[in-house]
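A.B. asks: Before we start, here is the structure in question, set down as structure tokens.
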Amino acid sequence: MEIVLSFLSGALAACILAFVFSFKLKGFIRLFVNLLAGAAALAVLSICGVMPFNAINAFTIGLLGVPGLLAVLIIVTFL
């Protein structure tokens, strides 16, 4: 439950930032697709054992989407 709340809070933060910067509907749709793709990739990578599934990773990927997933993957790989 904690991980779901972390991802949702990251997604909410991304939506608030998008609203502040006045994204149009197309921008919101791209943002949500990016967030969902990042969440799906995190789930697959955590099931395979490549990346841990914790609150910090969920928040980062919820906020940044696929670029956040790549950043977390690089950090986990090299640290």
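Identifiers in the structure tokens: chain A, B, ... in order shown; residue index from 1 per chain; ligand index from 1 in order shown.
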Tell me, as an MDAnalysis selection string, which residues lie within 12 Å of Val72 in chain A, counting only C-alpha atoms; anything in the same chain fewer than 3 positions away does not count.

C.D. replies: chainID A and resid 38 41:42 45 50:54 56:62 64:69 75:79

A.B. asks: Just to confirm, what's the straight-line distance from CA of Val33 in chain A to CA of Ile16 in chain A in Å (one decimal)?

C.D. replies: 16.1 Å

A.B. asks: Which neighbours of range 13-15 of chain A fall inside 12 Å, counting only C-alpha atoms, when residues of the same chain fewer than 4 positions from it are skipped, and could you give them as a list of chain:residue names?

C.D. replies: A:Ser6, A:Phe7, A:Leu8, A:Ser9, A:Phe19, A:Val20, A:Phe21, A:Ser22, A:Phe23, A:Lys24, A:Leu25, A:Gly27, A:Phe28, A:Ile29, A:Arg30, A:Leu31, A:Phe32, A:Asn34, A:Leu35, A:Phe59, A:Thr60, A:Ile61, A:Gly62, A:Leu63, A:Leu64, A:Gly65, A:Gly68

A.B. asks: Return as a count of residues only the full set of residues in chain A whose backbone-based DSSP assignment is alpha helix (DSSP H).

C.D. replies: 66

A.B. asks: I'd like to know which of A:Leu17, A:Leu70, A:Leu12, A:Glu2 is closest to Ala37 in chain A, using only C-alpha atoms.

C.D. replies: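 Using only C-alpha atoms, the shortest distance to Ala37 in chain A belongs to A:Leu70.
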
A.B. asks: Just to confirm, what's the straight-line distance from CA of Ala11 in chain A to CA of Lys26 in chain A in Å (one decimal)?

C.D. replies: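 If I compute the distance from CA of Ala11 in chain A to CA of Lys26 in chain A, I get 16.6 Å.
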